[in-house]
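Colleague: Please find one structure pasted underneath; my questions will follow.
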Amino acid sequence: MISFKEVNRKLGRFEVKVASFDIPEGCICGLVGRNGAGKTTLINLLLGLIKPDSGEIVIDGMDYENNEKDIRKLLGFVLVDELFMQHLTPEDNGDHFGSFYEAYDKEEYRHFLEKFNIAGRKRFKDLSRGQKLKCQFAFALAIRPKYLILDEPTANFDPEFREDFWKSIRQFTSNGINSVLLATHLTDDLDRMADMLIFMDEGKIICNGDMENFRQQYRILSGEKYLLKNIPKEYVINIEEGKYSSKALVINKHGFPDGLTDQPASIEEFMYHYSKRGEGK
Amino acid sequence: MIGKLINDYIMTGRSTPLKDNPGGVGDVAMFPLVMQIVIILRGIITGGSAYLWSDALRDSIFTIVYLIIWISQIKHPLKMSRMYYLCPMKREERVVYLKNAYLFRSIFHSLLIVISCIALYVVSDTGIYPLLYILPCGLMYSFLSNVRDNKKDFVRAVILKPAMYISSYIQFTLPASGFKTGDLVFIACSFAFMLLIELPIFISLMRTVKEDIKHIAICEEGCLGC
């Protein structure tokens, strides 16, 4: 299990301040938020690339201070940055960095490269952005980690590969032990696949928990404007007024007036309304 | 262990191309300029003596070795890419990894210098006295490293490298034997230059290298912007 305990980190004027939360085993956790919300900083903290100013990150009972090497054996990653050496081929990169991992499976890495249609003998810098990410994804799987940390890889994947990607993720977590933390802007996939969601804004975690709770807690109500206006303000995150019908994102804690259509909020709707909060109330 | 170090040396060299390293290109571009200065200096000192084939052979051995080391230092800067920080290593292991990589390349450079000195002694008429200067100076040169984040040290290294090359090269103007008074003054001045200028700068740069290795082992300090 990955546990964040009151982690705080200041980077210039920007500050990531996250309340305690856990990512349990066997789960696909979506990490969403606008650009600059703090997702990458959270991932860098989790990967031990930066240290928290206060609080601690515990992975399977271990912290970076005392068990850095053991933690790193558990983590596979695909980051926005191009991690591999540009002038080496994907195969050479894999073999070079794989030598640091006891569990690295050379054959499996090559198998994934082949499966993802990556020319193993082409130089890494000559690959497209999507191919580079596929390559790093293949490596992340080949080191047989327990946790996969993925920072916005899906946007650069072609639709065909996206299906393969999700298949691999499902397969990865199917043992009930491995978990995935996936930062992405493609929320449709998360709506279908994620077990857990973390939504960040301005360096803080606005909501986190399992998807079922999220769907229960946040609802989209549509109907007449005056009916929506009757809902107590503390439950309304945002109302968007339309010419014929209005929509509102609300917290599901109250019996809503009759005549309104009630449905669970998708992640995209939640993010949209959250970003507009205060504008249309 | 040695196999891994050789592999790392080759991999890092291949993945740090000179053309993607503007500072590096500038550094290498300095080499012909330095050579030009050296040739003029040599002409002034020797009074324009005829340039023989044996001189050409000797200069080639000497210059090529220096150029290889010069390029190698640029292609193997003292830093780690972000991926290394993510691989399973403790901070202490990263320090050892960096130290080993640095020592490996420095010893490799030293080996080239030693071989070139033997070659100079065997194939050219270079006497023992020039080699007594060229060898220690070359060994110091072998251990220099490109630390680009520290501008003060970068400037020192950039000045020291050509200074070592030039001061070593002009030792060839010494005759193999039968020194005159002028030659003895020249030898004394050369060693004074090495001991009073080159060596102190070299020692301060080595201190920086030691400190840098400790800092580079921490991602936040060693990988800013990488």
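As shown in the structure tokens, the chain order sets the letters A, B, ...; within each chain, residues go from 1, and ligands are also counted from 1 in the order they appear.
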Would you please give, as an MDAnalysis selection string, all residues of stretch 16-249 of chain A that DSSP assigns to strand (DSSP E) based on the backbone?
Modeller: chainID A and resid 16:18 21:23 28:33 54:59 75:78 147:151 179:183 196:201 204:210 218:223 236:240 246:249
Colleague: Near A:Asp63, counting only C-alpha atoms, which residues have an atom at most 10 Å away, once you skip same-chain residues fewer than 6 positions from it, shown as a ChimeraX atom specification?
Modeller: /A:3,48,56-57,70-71
Colleague: Please, could you write that set of residues out with N, CA and C atoms as a short mmCIF file (atom, residue, chain, number, x, y, z; two decimals), in the first residue's frame?
Modeller:
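File out.cif, as written:
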```
data_model
loop_
_atom_site.label_atom_id
_atom_site.label_comp_id
_atom_site.auth_asym_id
_atom_site.auth_seq_id
_atom_site.Cartn_x
_atom_site.Cartn_y
_atom_site.Cartn_z
N SER A 3 1.13 5.09 1.08
CA SER A 3 0.47 6.02 2.00
C SER A 3 1.15 7.39 1.97
N GLY A 48 10.22 9.72 -5.16
CA GLY A 48 11.40 10.09 -4.37
C GLY A 48 12.36 10.98 -5.13
N GLU A 56 5.32 12.36 5.39
CA GLU A 56 6.10 11.25 4.84
C GLU A 56 5.30 10.39 3.87
N ILE A 57 6.06 9.72 3.02
CA ILE A 57 5.46 8.81 2.05
C ILE A 57 5.93 7.41 2.41
N ASP A 70 14.99 -0.65 -1.82
CA ASP A 70 13.89 -1.63 -1.82
C ASP A 70 12.61 -1.02 -2.39
N ILE A 71 12.40 0.26 -2.11
CA ILE A 71 11.20 0.92 -2.65
C ILE A 71 11.30 0.99 -4.17
#
```
Colleague: Skip A:Arg192 itself and residues of its chain fewer than 6 positions away, then list as JSON, numbers by chain all residues within 12 Å of it, counting only C-alpha atoms.
Modeller: {"A": [28, 29, 30, 166, 170, 186, 211, 212, 266, 267]}
Colleague: With a distance threshold of 10 Å and counting only C-alpha atoms, extract the residues of chain B near chain A and express them as a PDB file with C-alpha atoms, in the first residue's frame.
Modeller:
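Saved file selection-v1.pdb follows:
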```
ATOM      1  CA  LYS B   4      29.950  -2.928 -16.407  1.00  0.00           C
ATOM      2  CA  ASN B   7      29.792  -0.804 -20.841  1.00  0.00           C
ATOM      3  CA  ASP B   8      28.704   2.331 -18.950  1.00  0.00           C
ATOM      4  CA  MET B  11      26.888   3.847 -23.362  1.00  0.00           C
ATOM      5  CA  THR B  12      27.370   7.276 -21.796  1.00  0.00           C
ATOM      6  CA  GLY B  13      29.754   8.293 -24.547  1.00  0.00           C
ATOM      7  CA  ARG B  14      27.294   7.230 -27.225  1.00  0.00           C
ATOM      8  CA  SER B  15      24.414   9.015 -25.546  1.00  0.00           C
ATOM      9  CA  THR B  16      26.216  12.337 -25.062  1.00  0.00           C
ATOM     10  CA  PRO B  17      26.820  13.571 -28.610  1.00  0.00           C
ATOM     11  CA  SER B  81      20.422  11.363 -16.084  1.00  0.00           C
ATOM     12  CA  ARG B  82      17.060  11.234 -14.278  1.00  0.00           C
ATOM     13  CA  MET B  83      16.658   7.545 -15.066  1.00  0.00           C
ATOM     14  CA  TYR B  84      19.591   6.633 -12.801  1.00  0.00           C
ATOM     15  CA  TYR B  85      17.853   8.234  -9.832  1.00  0.00           C
ATOM     16  CA  LEU B  86      14.839   6.021 -10.450  1.00  0.00           C
ATOM     17  CA  CYS B  87      16.815   2.800 -10.662  1.00  0.00           C
ATOM     18  CA  PRO B  88      17.147   0.757  -7.460  1.00  0.00           C
ATOM     19  CA  MET B  89      20.163   2.329  -5.810  1.00  0.00           C
ATOM     20  CA  LYS B  90      20.727   3.933  -2.447  1.00  0.00           C
ATOM     21  CA  ARG B  91      22.323   7.352  -2.296  1.00  0.00           C
ATOM     22  CA  GLU B  93      25.454   3.395  -4.159  1.00  0.00           C
ATOM     23  CA  ILE B 218      20.902  13.426  -4.748  1.00  0.00           C
ATOM     24  CA  CYS B 219      18.372  13.911  -7.513  1.00  0.00           C
ATOM     25  CA  GLU B 220      17.170  17.333  -6.436  1.00  0.00           C
ATOM     26  CA  GLU B 221      20.706  18.689  -6.452  1.00  0.00           C
ATOM     27  CA  CYS B 223      19.386  16.585 -11.774  1.00  0.00           C
ATOM     28  CA  CYS B 226      17.666  17.181 -16.561  1.00  0.00           C
TER      29      CYS B 226
END
```
Colleague: Go through A:Lys106, A:Lys134, A:Arg215, A:Lys229 one by one, measure the shortest atom-to-atom distance of each to A:Ile251 using only C-alpha atoms, and give the residue with the smallest value.
Modeller: A:Arg215
Colleague: Counting only C-alpha atoms, what is within 8 Å of stretch 63-70 of chain B, bar same-chain residues fewer than 5 positions away, as a list in words?
Modeller: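 Once the nearby chain positions are removed, what remains is Val28, Phe31, His109, Leu112, Ile113, Ser116, Ser142 and Tyr165 of chain B.
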Colleague: List the spatial neighbours of A:Val80 as a CSV table (one decimal) with C-alpha atoms, in the first residue's frame - criterion: any atom at most 10 Å away, only C-alpha atoms, same-chain residues fewer than 5 positions off excluded.
Modeller:
```
chain,number,residue,atom,x,y,z
A,40,THR,CA,3.6,15.8,-11.5
A,129,ARG,CA,6.7,10.6,-28.8
A,133,LEU,CA,6.3,6.3,-24.2
A,150,LEU,CA,2.3,6.7,-15.1
A,151,ASP,CA,2.4,10.4,-15.7
A,152,GLU,CA,0.1,11.3,-18.6
A,153,PRO,CA,1.2,8.7,-21.1
```
Colleague: When you look at stretch 172-185 of chain A with a cut-off of 8 Å (counting only C-alpha atoms), what residues show up, excluding the ones that are within fewer than 4 positions of it in the same chain? I need them as JSON, numbers by chain.
Modeller: {"A": [23, 24, 25, 26, 27, 28, 29, 30, 31, 32, 33, 39, 145, 146, 147, 148, 149, 150, 151, 152, 153, 154, 155, 168]}
Colleague: Could those residues be written to a file, using N, CA and C atoms, as a PDB file, in the first residue's frame?
Modeller:
```pdb
ATOM      1  N   ILE A  23      -3.187   4.540  -1.289  1.00  0.00           N
ATOM      2  CA  ILE A  23      -3.535   3.832  -2.528  1.00  0.00           C
ATOM      3  C   ILE A  23      -3.400   2.350  -2.199  1.00  0.00           C
ATOM      4  N   PRO A  24      -4.516   1.650  -2.112  1.00  0.00           N
ATOM      5  CA  PRO A  24      -4.437   0.246  -1.687  1.00  0.00           C
ATOM      6  C   PRO A  24      -3.889  -0.670  -2.779  1.00  0.00           C
ATOM      7  N   GLU A  25      -3.665  -1.888  -2.418  1.00  0.00           N
ATOM      8  CA  GLU A  25      -3.161  -2.880  -3.386  1.00  0.00           C
ATOM      9  C   GLU A  25      -4.282  -3.288  -4.330  1.00  0.00           C
ATOM     10  N   GLY A  26      -3.871  -3.655  -5.531  1.00  0.00           N
ATOM     11  CA  GLY A  26      -4.819  -4.173  -6.515  1.00  0.00           C
ATOM     12  C   GLY A  26      -5.780  -3.146  -7.074  1.00  0.00           C
ATOM     13  N   CYS A  27      -5.319  -1.894  -7.120  1.00  0.00           N
ATOM     14  CA  CYS A  27      -6.272  -0.868  -7.592  1.00  0.00           C
ATOM     15  C   CYS A  27      -5.696  -0.007  -8.712  1.00  0.00           C
ATOM     16  N   ILE A  28      -6.582   0.467  -9.558  1.00  0.00           N
ATOM     17  CA  ILE A  28      -6.199   1.429 -10.596  1.00  0.00           C
ATOM     18  C   ILE A  28      -6.669   2.788 -10.091  1.00  0.00           C
ATOM     19  N   CYS A  29      -5.699   3.655  -9.839  1.00  0.00           N
ATOM     20  CA  CYS A  29      -6.036   4.950  -9.246  1.00  0.00           C
ATOM     21  C   CYS A  29      -5.791   6.053 -10.274  1.00  0.00           C
ATOM     22  N   GLY A  30      -6.803   6.820 -10.578  1.00  0.00           N
ATOM     23  CA  GLY A  30      -6.672   7.925 -11.521  1.00  0.00           C
ATOM     24  C   GLY A  30      -6.266   9.184 -10.772  1.00  0.00           C
ATOM     25  N   LEU A  31      -5.340   9.928 -11.358  1.00  0.00           N
ATOM     26  CA  LEU A  31      -4.926  11.202 -10.763  1.00  0.00           C
ATOM     27  C   LEU A  31      -5.259  12.283 -11.783  1.00  0.00           C
ATOM     28  N   VAL A  32      -6.224  13.123 -11.446  1.00  0.00           N
ATOM     29  CA  VAL A  32      -6.672  14.125 -12.422  1.00  0.00           C
ATOM     30  C   VAL A  32      -6.592  15.529 -11.826  1.00  0.00           C
ATOM     31  N   GLY A  33      -6.657  16.491 -12.721  1.00  0.00           N
ATOM     32  CA  GLY A  33      -6.578  17.892 -12.313  1.00  0.00           C
ATOM     33  C   GLY A  33      -6.105  18.710 -13.498  1.00  0.00           C
ATOM     34  N   LYS A  39      -0.060  17.516 -10.089  1.00  0.00           N
ATOM     35  CA  LYS A  39      -0.026  16.056 -10.311  1.00  0.00           C
ATOM     36  C   LYS A  39       1.412  15.548 -10.453  1.00  0.00           C
ATOM     37  N   PRO A 145       7.326  -4.610 -11.630  1.00  0.00           N
ATOM     38  CA  PRO A 145       7.144  -3.842 -10.399  1.00  0.00           C
ATOM     39  C   PRO A 145       5.856  -4.235  -9.683  1.00  0.00           C
ATOM     40  N   LYS A 146       5.672  -3.694  -8.496  1.00  0.00           N
ATOM     41  CA  LYS A 146       4.408  -3.897  -7.804  1.00  0.00           C
ATOM     42  C   LYS A 146       3.488  -2.703  -8.069  1.00  0.00           C
ATOM     43  N   TYR A 147       4.112  -1.544  -8.220  1.00  0.00           N
ATOM     44  CA  TYR A 147       3.321  -0.332  -8.472  1.00  0.00           C
ATOM     45  C   TYR A 147       3.778   0.302  -9.782  1.00  0.00           C
ATOM     46  N   LEU A 148       2.813   0.678 -10.594  1.00  0.00           N
ATOM     47  CA  LEU A 148       3.124   1.384 -11.840  1.00  0.00           C
ATOM     48  C   LEU A 148       2.706   2.835 -11.668  1.00  0.00           C
ATOM     49  N   ILE A 149       3.637   3.750 -11.894  1.00  0.00           N
ATOM     50  CA  ILE A 149       3.335   5.173 -11.763  1.00  0.00           C
ATOM     51  C   ILE A 149       3.420   5.776 -13.163  1.00  0.00           C
ATOM     52  N   LEU A 150       2.312   6.236 -13.665  1.00  0.00           N
ATOM     53  CA  LEU A 150       2.262   6.692 -15.050  1.00  0.00           C
ATOM     54  C   LEU A 150       1.812   8.153 -15.104  1.00  0.00           C
ATOM     55  N   ASP A 151       2.679   9.002 -15.652  1.00  0.00           N
ATOM     56  CA  ASP A 151       2.368  10.425 -15.704  1.00  0.00           C
ATOM     57  C   ASP A 151       1.968  10.811 -17.128  1.00  0.00           C
ATOM     58  N   GLU A 152       0.702  10.921 -17.359  1.00  0.00           N
ATOM     59  CA  GLU A 152       0.108  11.344 -18.624  1.00  0.00           C
ATOM     60  C   GLU A 152       0.680  10.643 -19.856  1.00  0.00           C
ATOM     61  N   PRO A 153       0.680   9.329 -19.884  1.00  0.00           N
ATOM     62  CA  PRO A 153       1.180   8.676 -21.094  1.00  0.00           C
ATOM     63  C   PRO A 153       0.110   8.543 -22.180  1.00  0.00           C
ATOM     64  N   THR A 154      -1.137   8.434 -21.775  1.00  0.00           N
ATOM     65  CA  THR A 154      -2.192   8.004 -22.709  1.00  0.00           C
ATOM     66  C   THR A 154      -2.481   9.006 -23.823  1.00  0.00           C
ATOM     67  N   ALA A 155      -2.252  10.293 -23.576  1.00  0.00           N
ATOM     68  CA  ALA A 155      -2.580  11.310 -24.580  1.00  0.00           C
ATOM     69  C   ALA A 155      -1.814  11.076 -25.878  1.00  0.00           C
ATOM     70  N   SER A 168      -3.255  -4.246 -20.762  1.00  0.00           N
ATOM     71  CA  SER A 168      -2.048  -4.527 -19.970  1.00  0.00           C
ATOM     72  C   SER A 168      -2.234  -4.075 -18.524  1.00  0.00           C
TER      73      SER A 168
END
```
Colleague: Residues within 6 Å of stretch 198-204 of chain A, please, as an mmCIF file with C-alpha atoms, in the first residue's frame. Count only C-alpha atoms; anything in the same chain fewer than 4 positions from it doesn't count.
Modeller:
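Output below, filename result.cif:
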```cif
data_model
loop_
_atom_site.group_PDB
_atom_site.id
_atom_site.type_symbol
_atom_site.label_atom_id
_atom_site.label_comp_id
_atom_site.auth_asym_id
_atom_site.auth_seq_id
_atom_site.Cartn_x
_atom_site.Cartn_y
_atom_site.Cartn_z
ATOM 1 C CA GLU A 15 2.948 24.479 -2.819
ATOM 2 C CA VAL A 16 1.668 20.940 -2.802
ATOM 3 C CA LYS A 17 -0.151 20.256 0.414
ATOM 4 C CA VAL A 18 -1.865 16.909 0.551
ATOM 5 C CA LEU A 31 -4.926 11.202 -10.763
ATOM 6 C CA VAL A 32 -6.672 14.125 -12.422
ATOM 7 C CA GLY A 33 -6.578 17.892 -12.313
ATOM 8 C CA ALA A 37 -2.617 21.366 -10.319
ATOM 9 C CA GLY A 38 0.361 19.530 -8.795
ATOM 10 C CA ASN A 208 -10.049 11.167 -3.231
#
```
Colleague: Rank nothing, just name the residue among A:Leu42, A:Leu260, A:Cys135, A:Leu221 nearest to A:Asn238, using only C-alpha atoms.
Modeller: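 Comparing A:Leu42, A:Leu260, A:Cys135, A:Leu221 against A:Asn238, the winner is A:Leu221.
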Colleague: Apply DSSP to the structure's backbone, then extract all residues of stretch 42-150 of chain B labelled alpha helix (DSSP H) and return them as a PyMOL selection string.
Modeller: chain B and resi 42-46+53-75+82-86+91-123+128-142
Colleague: Can you work out the spacing between atom CA of B:Arg42 and atom CA of B:Gly182 in Å, to one decimal?
Modeller: 15.2 Å
